[in-house]
file entry.pdb (PDB, C-alpha atoms, pLDDT in the B column)
ATOM      1  CA  MET A   1     -71.233 -57.850  -4.443  1.00 61.00           C
ATOM      2  CA  LYS A   2     -70.658 -57.249  -0.708  1.00 82.00           C
ATOM      3  CA  ASN A   3     -71.704 -60.637   0.638  1.00 93.00           C
ATOM      4  CA  ASN A   4     -68.498 -61.349   2.558  1.00 97.00           C
ATOM      5  CA  VAL A   5     -67.419 -60.417   6.072  1.00 97.00           C
ATOM      6  CA  ILE A   6     -63.823 -59.130   6.246  1.00 98.00           C
ATOM      7  CA  LEU A   7     -62.267 -59.228   9.725  1.00 98.00           C
ATOM      8  CA  ILE A   8     -59.417 -56.821  10.520  1.00 98.00           C
ATOM      9  CA  GLY A   9     -57.562 -56.064  13.733  1.00 96.00           C
ATOM     10  CA  MET A  10     -54.350 -56.637  15.618  1.00 93.00           C
ATOM     11  CA  PRO A  11     -52.819 -60.105  15.866  1.00 88.00           C
ATOM     12  CA  GLY A  12     -54.477 -61.826  18.808  1.00 86.00           C
ATOM     13  CA  SER A  13     -57.731 -59.864  18.536  1.00 90.00           C
ATOM     14  CA  GLY A  14     -59.653 -63.043  17.653  1.00 91.00           C
ATOM     15  CA  LYS A  15     -60.145 -62.718  13.882  1.00 94.00           C
ATOM     16  CA  SER A  16     -59.559 -66.386  13.095  1.00 93.00           C
ATOM     17  CA  THR A  17     -61.268 -67.735  16.210  1.00 93.00           C
ATOM     18  CA  ALA A  18     -64.402 -65.580  15.888  1.00 95.00           C
ATOM     19  CA  GLY A  19     -64.311 -65.945  12.102  1.00 96.00           C
ATOM     20  CA  VAL A  20     -64.688 -69.732  12.139  1.00 96.00           C
ATOM     21  CA  VAL A  21     -67.646 -69.559  14.553  1.00 95.00           C
ATOM     22  CA  LEU A  22     -69.241 -66.695  12.577  1.00 96.00           C
ATOM     23  CA  ALA A  23     -68.918 -68.616   9.303  1.00 97.00           C
ATOM     24  CA  LYS A  24     -70.758 -71.563  10.861  1.00 96.00           C
ATOM     25  CA  LYS A  25     -73.526 -69.290  12.170  1.00 94.00           C
ATOM     26  CA  LEU A  26     -74.004 -67.559   8.804  1.00 95.00           C
ATOM     27  CA  GLY A  27     -73.572 -70.720   6.718  1.00 96.00           C
ATOM     28  CA  TYR A  28     -70.573 -69.094   5.000  1.00 97.00           C
ATOM     29  CA  ARG A  29     -67.134 -70.414   4.098  1.00 98.00           C
ATOM     30  CA  PHE A  30     -64.135 -69.365   6.202  1.00 98.00           C
ATOM     31  CA  LEU A  31     -60.874 -68.136   4.737  1.00 98.00           C
ATOM     32  CA  ASP A  32     -57.754 -67.069   6.652  1.00 97.00           C
ATOM     33  CA  SER A  33     -55.663 -64.837   4.393  1.00 97.00           C
ATOM     34  CA  ASP A  34     -52.464 -65.698   6.299  1.00 94.00           C
ATOM     35  CA  LEU A  35     -53.032 -69.366   5.435  1.00 95.00           C
ATOM     36  CA  VAL A  36     -53.606 -68.417   1.783  1.00 96.00           C
ATOM     37  CA  ILE A  37     -50.216 -66.644   1.779  1.00 96.00           C
ATOM     38  CA  GLN A  38     -48.527 -69.691   3.339  1.00 96.00           C
ATOM     39  CA  GLU A  39     -50.257 -72.044   0.913  1.00 96.00           C
ATOM     40  CA  LYS A  40     -49.282 -70.001  -2.167  1.00 96.00           C
ATOM     41  CA  THR A  41     -45.652 -69.613  -1.081  1.00 97.00           C
ATOM     42  CA  GLY A  42     -45.087 -72.919   0.717  1.00 97.00           C
ATOM     43  CA  LYS A  43     -43.504 -70.995   3.612  1.00 96.00           C
ATOM     44  CA  LEU A  44     -44.502 -69.878   7.100  1.00 92.00           C
ATOM     45  CA  LEU A  45     -45.161 -66.175   7.675  1.00 90.00           C
ATOM     46  CA  HIS A  46     -42.091 -65.623   9.853  1.00 86.00           C
ATOM     47  CA  GLN A  47     -39.915 -67.300   7.184  1.00 92.00           C
ATOM     48  CA  LEU A  48     -41.329 -64.956   4.538  1.00 93.00           C
ATOM     49  CA  ILE A  49     -40.711 -61.902   6.738  1.00 89.00           C
ATOM     50  CA  GLU A  50     -37.105 -63.042   7.329  1.00 90.00           C
ATOM     51  CA  GLU A  51     -36.504 -63.725   3.621  1.00 95.00           C
ATOM     52  CA  LEU A  52     -38.351 -60.780   2.070  1.00 94.00           C
ATOM     53  CA  GLY A  53     -37.995 -58.203   4.821  1.00 90.00           C
ATOM     54  CA  GLU A  54     -40.875 -56.120   6.096  1.00 89.00           C
ATOM     55  CA  ALA A  55     -41.507 -54.228   2.843  1.00 92.00           C
ATOM     56  CA  GLY A  56     -41.265 -57.361   0.700  1.00 95.00           C
ATOM     57  CA  PHE A  57     -43.678 -59.266   2.903  1.00 95.00           C
ATOM     58  CA  LEU A  58     -46.183 -56.399   2.932  1.00 95.00           C
ATOM     59  CA  ALA A  59     -46.021 -56.201  -0.886  1.00 97.00           C
ATOM     60  CA  LEU A  60     -46.657 -59.957  -1.151  1.00 97.00           C
ATOM     61  CA  GLU A  61     -49.521 -59.769   1.358  1.00 97.00           C
ATOM     62  CA  ASN A  62     -51.065 -56.832  -0.533  1.00 98.00           C
ATOM     63  CA  GLU A  63     -50.822 -58.703  -3.848  1.00 97.00           C
ATOM     64  CA  ILE A  64     -52.371 -61.918  -2.527  1.00 97.00           C
ATOM     65  CA  ASN A  65     -55.133 -60.154  -0.561  1.00 97.00           C
ATOM     66  CA  SER A  66     -55.976 -58.076  -3.650  1.00 97.00           C
ATOM     67  CA  SER A  67     -56.591 -61.268  -5.600  1.00 96.00           C
ATOM     68  CA  ILE A  68     -58.967 -62.982  -3.150  1.00 96.00           C
ATOM     69  CA  LEU A  69     -62.213 -63.863  -4.884  1.00 94.00           C
ATOM     70  CA  ALA A  70     -64.933 -65.091  -2.589  1.00 96.00           C
ATOM     71  CA  GLN A  71     -68.692 -65.222  -2.129  1.00 96.00           C
ATOM     72  CA  ARG A  72     -70.491 -65.751   1.167  1.00 97.00           C
ATOM     73  CA  THR A  73     -67.187 -66.053   3.021  1.00 98.00           C
ATOM     74  CA  VAL A  74     -65.844 -64.810   6.335  1.00 98.00           C
ATOM     75  CA  ILE A  75     -62.279 -63.653   5.627  1.00 98.00           C
ATOM     76  CA  ALA A  76     -59.848 -63.226   8.523  1.00 98.00           C
ATOM     77  CA  THR A  77     -56.974 -61.023   7.397  1.00 97.00           C
ATOM     78  CA  GLY A  78     -53.496 -60.777   8.847  1.00 92.00           C
ATOM     79  CA  GLY A  79     -52.990 -57.871  11.237  1.00 91.00           C
ATOM     80  CA  SER A  80     -50.806 -56.072   8.701  1.00 93.00           C
ATOM     81  CA  ALA A  81     -53.328 -56.310   5.835  1.00 96.00           C
ATOM     82  CA  VAL A  82     -54.348 -52.679   6.454  1.00 97.00           C
ATOM     83  CA  TYR A  83     -50.972 -51.503   5.104  1.00 96.00           C
ATOM     84  CA  GLY A  84     -52.031 -52.708   1.639  1.00 97.00           C
ATOM     85  CA  LYS A  85     -54.122 -49.944   0.064  1.00 97.00           C
ATOM     86  CA  GLU A  86     -55.034 -52.000  -3.009  1.00 98.00           C
ATOM     87  CA  ALA A  87     -55.957 -55.017  -0.898  1.00 98.00           C
ATOM     88  CA  MET A  88     -58.129 -53.001   1.480  1.00 98.00           C
ATOM     89  CA  LYS A  89     -59.885 -51.280  -1.425  1.00 98.00           C
ATOM     90  CA  HIS A  90     -60.580 -54.700  -2.995  1.00 97.00           C
ATOM     91  CA  LEU A  91     -61.729 -56.274   0.284  1.00 98.00           C
ATOM     92  CA  GLY A  92     -63.980 -53.279   0.977  1.00 97.00           C
ATOM     93  CA  GLU A  93     -65.594 -53.784  -2.445  1.00 96.00           C
ATOM     94  CA  ILE A  94     -66.356 -57.469  -1.877  1.00 97.00           C
ATOM     95  CA  GLY A  95     -67.431 -57.331   1.773  1.00 97.00           C
ATOM     96  CA  GLN A  96     -68.214 -55.441   4.923  1.00 97.00           C
ATOM     97  CA  VAL A  97     -65.036 -54.723   6.858  1.00 98.00           C
ATOM     98  CA  VAL A  98     -65.331 -55.464  10.584  1.00 98.00           C
ATOM     99  CA  TYR A  99     -62.671 -54.172  12.987  1.00 98.00           C
ATOM    100  CA  LEU A 100     -62.207 -56.326  16.085  1.00 97.00           C
ATOM    101  CA  LYS A 101     -61.066 -53.706  18.587  1.00 97.00           C
ATOM    102  CA  LEU A 102     -59.122 -54.728  21.660  1.00 94.00           C
ATOM    103  CA  PRO A 103     -57.435 -52.491  24.263  1.00 94.00           C
ATOM    104  CA  TYR A 104     -53.637 -52.642  24.247  1.00 92.00           C
ATOM    105  CA  GLU A 105     -53.416 -54.192  27.735  1.00 89.00           C
ATOM    106  CA  GLU A 106     -55.627 -57.163  26.763  1.00 90.00           C
ATOM    107  CA  LEU A 107     -53.797 -57.584  23.483  1.00 88.00           C
ATOM    108  CA  ARG A 108     -50.408 -57.700  25.206  1.00 83.00           C
ATOM    109  CA  GLU A 109     -51.689 -60.426  27.552  1.00 82.00           C
ATOM    110  CA  ARG A 110     -53.012 -62.542  24.646  1.00 81.00           C
ATOM    111  CA  LEU A 111     -49.948 -62.370  22.420  1.00 79.00           C
ATOM    112  CA  GLY A 112     -47.062 -64.746  22.830  1.00 66.00           C
ATOM    113  CA  ASP A 113     -43.900 -64.636  20.746  1.00 62.00           C
ATOM    114  CA  LEU A 114     -44.446 -62.054  17.999  1.00 65.00           C
ATOM    115  CA  HIS A 115     -41.726 -63.593  15.830  1.00 61.00           C
ATOM    116  CA  GLU A 116     -43.349 -67.050  15.961  1.00 63.00           C
ATOM    117  CA  ARG A 117     -46.726 -65.524  15.075  1.00 63.00           C
ATOM    118  CA  GLY A 118     -45.243 -63.893  11.978  1.00 61.00           C
ATOM    119  CA  VAL A 119     -46.029 -60.350  13.104  1.00 73.00           C
ATOM    120  CA  VAL A 120     -44.542 -57.606  10.929  1.00 70.00           C
ATOM    121  CA  LEU A 121     -42.657 -55.404  13.364  1.00 72.00           C
ATOM    122  CA  LYS A 122     -40.291 -52.666  12.202  1.00 75.00           C
ATOM    123  CA  PRO A 123     -36.788 -52.906  13.720  1.00 77.00           C
ATOM    124  CA  GLY A 124     -36.784 -51.227  17.119  1.00 82.00           C
ATOM    125  CA  PHE A 125     -40.592 -50.977  17.213  1.00 82.00           C
ATOM    126  CA  THR A 126     -42.413 -52.078  20.352  1.00 83.00           C
ATOM    127  CA  LEU A 127     -45.814 -53.771  20.368  1.00 85.00           C
ATOM    128  CA  LYS A 128     -47.281 -50.556  21.812  1.00 89.00           C
ATOM    129  CA  GLU A 129     -45.858 -48.488  18.921  1.00 91.00           C
ATOM    130  CA  LEU A 130     -47.191 -51.012  16.406  1.00 89.00           C
ATOM    131  CA  TYR A 131     -50.621 -50.875  18.066  1.00 92.00           C
ATOM    132  CA  GLU A 132     -50.684 -47.079  17.974  1.00 94.00           C
ATOM    133  CA  GLU A 133     -49.551 -46.997  14.334  1.00 93.00           C
ATOM    134  CA  ARG A 134     -52.208 -49.450  13.159  1.00 94.00           C
ATOM    135  CA  ILE A 135     -55.246 -48.396  15.211  1.00 96.00           C
ATOM    136  CA  HIS A 136     -56.150 -45.454  12.965  1.00 96.00           C
ATOM    137  CA  LEU A 137     -55.817 -47.663   9.866  1.00 97.00           C
ATOM    138  CA  TYR A 138     -58.236 -50.204  11.323  1.00 98.00           C
ATOM    139  CA  GLU A 139     -60.691 -47.461  12.255  1.00 97.00           C
ATOM    140  CA  ASN A 140     -60.373 -45.872   8.816  1.00 97.00           C
ATOM    141  CA  TYR A 141     -61.151 -49.055   6.864  1.00 98.00           C
ATOM    142  CA  ALA A 142     -63.897 -50.393   9.163  1.00 98.00           C
ATOM    143  CA  ASP A 143     -67.556 -50.419   8.149  1.00 96.00           C
ATOM    144  CA  ILE A 144     -68.342 -51.932  11.567  1.00 96.00           C
ATOM    145  CA  THR A 145     -66.319 -51.794  14.796  1.00 97.00           C
ATOM    146  CA  VAL A 146     -66.832 -54.436  17.473  1.00 97.00           C
ATOM    147  CA  ASP A 147     -65.369 -53.896  20.941  1.00 95.00           C
ATOM    148  CA  CYS A 148     -63.930 -57.249  22.036  1.00 94.00           C
ATOM    149  CA  SER A 149     -62.748 -56.162  25.479  1.00 93.00           C
ATOM    150  CA  GLY A 150     -63.567 -58.749  28.144  1.00 91.00           C
ATOM    151  CA  ARG A 151     -65.935 -60.625  25.826  1.00 93.00           C
ATOM    152  CA  GLU A 152     -66.137 -64.287  24.912  1.00 91.00           C
ATOM    153  CA  VAL A 153     -65.896 -65.480  21.311  1.00 90.00           C
ATOM    154  CA  ARG A 154     -69.608 -66.298  21.193  1.00 91.00           C
ATOM    155  CA  GLN A 155     -70.566 -62.759  22.264  1.00 94.00           C
ATOM    156  CA  ILE A 156     -68.213 -61.220  19.695  1.00 93.00           C
ATOM    157  CA  MET A 157     -69.535 -63.480  16.945  1.00 93.00           C
ATOM    158  CA  GLU A 158     -73.161 -62.657  17.831  1.00 93.00           C
ATOM    159  CA  GLU A 159     -72.479 -58.918  17.657  1.00 94.00           C
ATOM    160  CA  ILE A 160     -70.678 -59.212  14.313  1.00 95.00           C
ATOM    161  CA  ALA A 161     -73.571 -61.265  12.907  1.00 93.00           C
ATOM    162  CA  TYR A 162     -76.125 -58.745  14.206  1.00 92.00           C
ATOM    163  CA  GLN A 163     -74.266 -55.714  12.837  1.00 92.00           C
ATOM    164  CA  TYR A 164     -73.565 -57.450   9.503  1.00 90.00           C
ATOM    165  CA  MET A 165     -77.201 -58.479   8.981  1.00 87.00           C
ATOM    166  CA  LYS A 166     -78.371 -54.935   9.825  1.00 83.00           C
ATOM    167  CA  LYS A 167     -76.386 -53.343   6.987  1.00 75.00           C
TER     168      LYS A 167
END

call {"tool": "encode", "arguments": {"input": "entry.pdb", "output": "C-alpha coordinates"}}
result
Amino acid sequence: MKNNVILIGMPGSGKSTAGVVLAKKLGYRFLDSDLVIQEKTGKLLHQLIEELGEAGFLALENEINSSILAQRTVIATGGSAVYGKEAMKHLGEIGQVVYLKLPYEELRERLGDLHERGVVLKPGFTLKELYEERIHLYENYADITVDCSGREVRQIMEEIAYQYMKK
(Lines of atoms letter the chains of each structure in order from A and count residues from 1; the text may use other names and numbers.)
(Lines give C-alpha, C1' and ligand atoms only; values in the text may rest on other atoms or scores of the structure.)
Protein backbone atom coordinates (compact mmCIF):
# COMPACT_ATOMS: atom_id res chain seq x y z
CA MET A 1 0.00 0.00 0.00
CA LYS A 2 1.38 3.42 -1.01
CA ASN A 3 0.40 5.42 2.06
CA ASN A 4 3.87 6.76 2.84
CA VAL A 5 5.72 9.82 1.58
CA ILE A 6 9.36 9.10 0.65
CA LEU A 7 11.59 12.18 0.46
CA ILE A 8 14.71 12.05 -1.74
CA GLY A 9 17.24 14.70 -2.71
CA MET A 10 20.72 15.98 -2.06
CA PRO A 11 22.02 16.41 1.48
CA GLY A 12 20.89 19.84 2.65
CA SER A 13 17.80 19.93 0.42
CA GLY A 14 15.52 19.91 3.48
CA LYS A 15 14.28 16.30 3.59
CA SER A 16 14.43 15.95 7.37
CA THR A 17 13.31 19.50 8.14
CA ALA A 18 10.34 19.49 5.74
CA GLY A 19 9.62 15.85 6.59
CA VAL A 20 8.99 16.51 10.28
CA VAL A 21 6.61 19.40 9.52
CA LEU A 22 4.85 17.39 6.78
CA ALA A 23 4.35 14.42 9.12
CA LYS A 24 2.67 16.72 11.65
CA LYS A 25 0.40 18.21 8.97
CA LEU A 26 -0.64 14.79 7.64
CA GLY A 27 -0.88 13.13 11.07
CA TYR A 28 1.81 10.64 9.97
CA ARG A 29 4.88 9.28 11.73
CA PHE A 30 8.32 10.59 10.72
CA LEU A 31 11.28 8.35 10.02
CA ASP A 32 14.80 9.44 9.03
CA SER A 33 16.53 6.52 7.32
CA ASP A 34 19.99 7.87 8.24
CA LEU A 35 18.99 7.67 11.92
CA VAL A 36 17.74 4.10 11.38
CA ILE A 37 21.17 3.18 9.97
CA GLN A 38 22.93 4.80 12.95
CA GLU A 39 20.57 3.12 15.40
CA LYS A 40 21.03 -0.35 13.87
CA THR A 41 24.82 -0.07 13.71
CA GLY A 42 25.51 2.04 16.80
CA LYS A 43 27.79 4.26 14.69
CA LEU A 44 27.62 7.68 13.05
CA LEU A 45 27.36 7.84 9.26
CA HIS A 46 30.85 9.27 8.74
CA GLN A 47 32.30 6.49 10.95
CA LEU A 48 30.54 3.87 8.83
CA ILE A 49 31.81 5.44 5.60
CA GLU A 50 35.37 5.47 7.01
CA GLU A 51 35.14 1.86 8.21
CA LEU A 52 33.23 0.29 5.31
CA GLY A 53 34.33 2.52 2.46
CA GLU A 54 31.93 4.02 -0.04
CA ALA A 55 30.77 0.72 -1.56
CA GLY A 56 30.34 -0.96 1.82
CA PHE A 57 28.31 1.93 3.19
CA LEU A 58 26.07 2.03 0.11
CA ALA A 59 25.45 -1.73 0.41
CA LEU A 60 24.51 -1.32 4.09
CA GLU A 61 22.25 1.64 3.30
CA ASN A 62 20.56 -0.31 0.49
CA GLU A 63 19.98 -3.30 2.78
CA ILE A 64 18.51 -1.26 5.63
CA ASN A 65 16.35 0.94 3.37
CA SER A 66 15.03 -2.19 1.63
CA SER A 67 13.80 -3.50 4.96
CA ILE A 68 11.87 -0.42 6.11
CA LEU A 69 8.28 -1.33 6.88
CA ALA A 70 6.02 1.60 7.54
CA GLN A 71 2.44 2.80 7.24
CA ARG A 72 1.33 6.43 7.17
CA THR A 73 4.92 7.62 7.56
CA VAL A 74 7.00 10.40 6.04
CA ILE A 75 10.42 8.84 5.34
CA ALA A 76 13.42 11.12 4.79
CA THR A 77 16.15 9.14 3.05
CA GLY A 78 19.86 9.83 2.96
CA GLY A 79 21.05 11.64 -0.16
CA SER A 80 22.79 8.49 -1.40
CA ALA A 81 19.71 6.24 -1.05
CA VAL A 82 19.10 6.52 -4.81
CA TYR A 83 22.20 4.38 -5.47
CA GLY A 84 20.36 1.40 -3.95
CA LYS A 85 18.19 -0.12 -6.69
CA GLU A 86 16.52 -2.62 -4.36
CA ALA A 87 15.84 0.04 -1.74
CA MET A 88 14.36 2.48 -4.24
CA LYS A 89 12.16 -0.24 -5.75
CA HIS A 90 10.92 -1.14 -2.24
CA LEU A 91 10.37 2.50 -1.22
CA GLY A 92 8.53 3.18 -4.48
CA GLU A 93 6.20 0.25 -3.71
CA ILE A 94 5.32 1.48 -0.22
CA GLY A 95 5.04 5.21 -0.92
CA GLN A 96 5.06 8.15 -3.26
CA VAL A 97 8.61 9.30 -3.90
CA VAL A 98 9.05 13.08 -3.67
CA TYR A 99 12.23 14.70 -4.98
CA LEU A 100 13.18 17.93 -3.20
CA LYS A 101 15.00 19.75 -5.99
CA LEU A 102 17.46 22.50 -5.18
CA PRO A 103 19.80 24.37 -7.55
CA TYR A 104 23.49 23.63 -7.02
CA GLU A 105 24.32 27.20 -5.91
CA GLU A 106 21.75 27.11 -3.07
CA LEU A 107 22.83 23.63 -2.06
CA ARG A 108 26.49 24.66 -1.83
CA GLU A 109 25.53 27.57 0.44
CA ARG A 110 23.48 25.32 2.76
CA LEU A 111 26.02 22.53 3.17
CA GLY A 112 28.76 22.71 5.75
CA ASP A 113 31.42 20.05 6.22
CA LEU A 114 30.50 17.12 3.96
CA HIS A 115 32.59 14.70 6.02
CA GLU A 116 30.79 15.64 9.26
CA ARG A 117 27.42 15.23 7.53
CA GLY A 118 28.34 11.70 6.46
CA VAL A 119 28.06 12.44 2.74
CA VAL A 120 29.25 9.64 0.45
CA LEU A 121 31.75 11.32 -1.84
CA LYS A 122 34.01 9.34 -4.17
CA PRO A 123 37.73 10.16 -3.77
CA GLY A 124 38.56 13.21 -5.86
CA PHE A 125 34.88 14.01 -6.49
CA THR A 126 33.68 17.57 -5.98
CA LEU A 127 30.24 18.50 -4.65
CA LYS A 128 29.34 19.73 -8.15
CA GLU A 129 30.27 16.35 -9.69
CA LEU A 130 28.27 14.53 -7.01
CA TYR A 131 25.28 16.79 -7.69
CA GLU A 132 25.47 16.17 -11.43
CA GLU A 133 25.82 12.41 -10.94
CA ARG A 134 22.81 12.14 -8.64
CA ILE A 135 20.35 14.57 -10.23
CA HIS A 136 19.21 12.15 -12.94
CA LEU A 137 18.73 9.40 -10.34
CA TYR A 138 16.50 11.65 -8.25
CA GLU A 139 14.49 12.64 -11.32
CA ASN A 140 14.20 9.01 -12.42
CA TYR A 141 12.81 7.73 -9.11
CA ALA A 142 10.51 10.69 -8.35
CA ASP A 143 6.73 10.43 -8.56
CA ILE A 144 6.57 14.12 -7.57
CA THR A 145 9.22 16.83 -7.92
CA VAL A 146 9.09 19.91 -5.70
CA ASP A 147 11.27 22.91 -6.52
CA CYS A 148 12.67 24.17 -3.21
CA SER A 149 14.61 27.12 -4.60
CA GLY A 150 14.18 30.24 -2.46
CA ARG A 151 11.26 28.72 -0.55
CA GLU A 152 10.61 28.40 3.16
CA VAL A 153 10.01 25.03 4.81
CA ARG A 154 6.31 25.76 5.27
CA GLN A 155 5.85 26.48 1.55
CA ILE A 156 7.72 23.31 0.58
CA MET A 157 5.70 21.22 3.03
CA GLU A 158 2.40 22.67 1.75
CA GLU A 159 3.30 21.84 -1.85
CA ILE A 160 4.34 18.28 -0.96
CA ALA A 161 1.08 17.78 0.95
CA TYR A 162 -0.96 19.18 -1.95
CA GLN A 163 0.78 17.05 -4.58
CA TYR A 164 0.65 13.93 -2.38
CA MET A 165 -3.08 14.28 -1.66
CA LYS A 166 -3.79 14.82 -5.38
CA LYS A 167 -2.33 11.45 -6.40

call {"tool": "residues_around", "arguments": {"input": "entry.pdb", "residues": "A:Gly84", "least_positions_apart": "5", "cutoff": "10 Å", "atoms": "all atoms listed in the file", "output": "JSON, numbers by chain"}}
result
{"A": [58, 59, 60, 61, 62, 63, 65, 66, 89, 90]}

call {"tool": "write_last_selection", "arguments": {"input": "entry.pdb", "atoms": "C-alpha atoms", "output": "mmCIF file, keeping the file's coordinate frame"}}
result
data_model
loop_
_atom_site.group_PDB
_atom_site.id
_atom_site.type_symbol
_atom_site.label_atom_id
_atom_site.label_comp_id
_atom_site.auth_asym_id
_atom_site.auth_seq_id
_atom_site.Cartn_x
_atom_site.Cartn_y
_atom_site.Cartn_z
ATOM 1 C CA LEU A 58 -46.183 -56.399 2.932
ATOM 2 C CA ALA A 59 -46.021 -56.201 -0.886
ATOM 3 C CA LEU A 60 -46.657 -59.957 -1.151
ATOM 4 C CA GLU A 61 -49.521 -59.769 1.358
ATOM 5 C CA ASN A 62 -51.065 -56.832 -0.533
ATOM 6 C CA GLU A 63 -50.822 -58.703 -3.848
ATOM 7 C CA ASN A 65 -55.133 -60.154 -0.561
ATOM 8 C CA SER A 66 -55.976 -58.076 -3.650
ATOM 9 C CA LYS A 89 -59.885 -51.280 -1.425
ATOM 10 C CA HIS A 90 -60.580 -54.700 -2.995
#

call {"tool": "atom_distance", "arguments": {"input": "entry.pdb", "atom1": "atom CA of A:Asn3", "atom2": "atom CA of A:Gln71"}}
result
6.1 Å

call {"tool": "resolve_selection", "arguments": {"input": "entry.pdb", "expression": "the PyMOL selection byres ((chain A and resi 141-148) around 10)", "output": "PyMOL selection string"}}
result
chain A and resi 6-9+13-14+82+85+88-89+91-92+95-103+106+136-140+149-153+155-157+159-160+163-164+167

call {"tool": "atom_distance", "arguments": {"input": "entry.pdb", "atom1": "atom CA of A:Phe57", "atom2": "atom CA of A:Thr73"}}
result
24.5 Å

call {"tool": "atom_distance", "arguments": {"input": "entry.pdb", "atom1": "atom CA of A:Gly27", "atom2": "atom CA of A:Leu44"}}
result
29.1 Å

call {"tool": "closest_residue", "arguments": {"input": "entry.pdb", "among": "A:Lys15, A:Arg134, A:Lys2, A:Arg108", "to": "A:Ala76", "atoms": "all atoms listed in the file"}}
result
A:Lys15

call {"tool": "resolve_selection", "arguments": {"input": "entry.pdb", "expression": "the PyMOL selection byres ((chain A and resi 119) around 12)", "output": "ChimeraX atom specification"}}
result
/A:10-12,34,44-50,53-54,57-58,78-81,111-118,120-123,125-127,130-131

call {"tool": "residues_around", "arguments": {"input": "entry.pdb", "residues": "A:Leu31", "least_positions_apart": "5", "cutoff": "10 Å", "atoms": "all atoms listed in the file", "output": "list in words"}}
result
Ile6, Ser16, Gly19, Val20, Ala23, Val36, Ile68, Ala70, Thr73, Val74, Ile75, Ala76 and Thr77 of chain A

call {"tool": "closest_residue", "arguments": {"input": "entry.pdb", "among": "A:Tyr104, A:Leu26, A:Glu158, A:Glu51", "to": "A:Glu132", "atoms": "all atoms listed in the file"}}
result
A:Tyr104
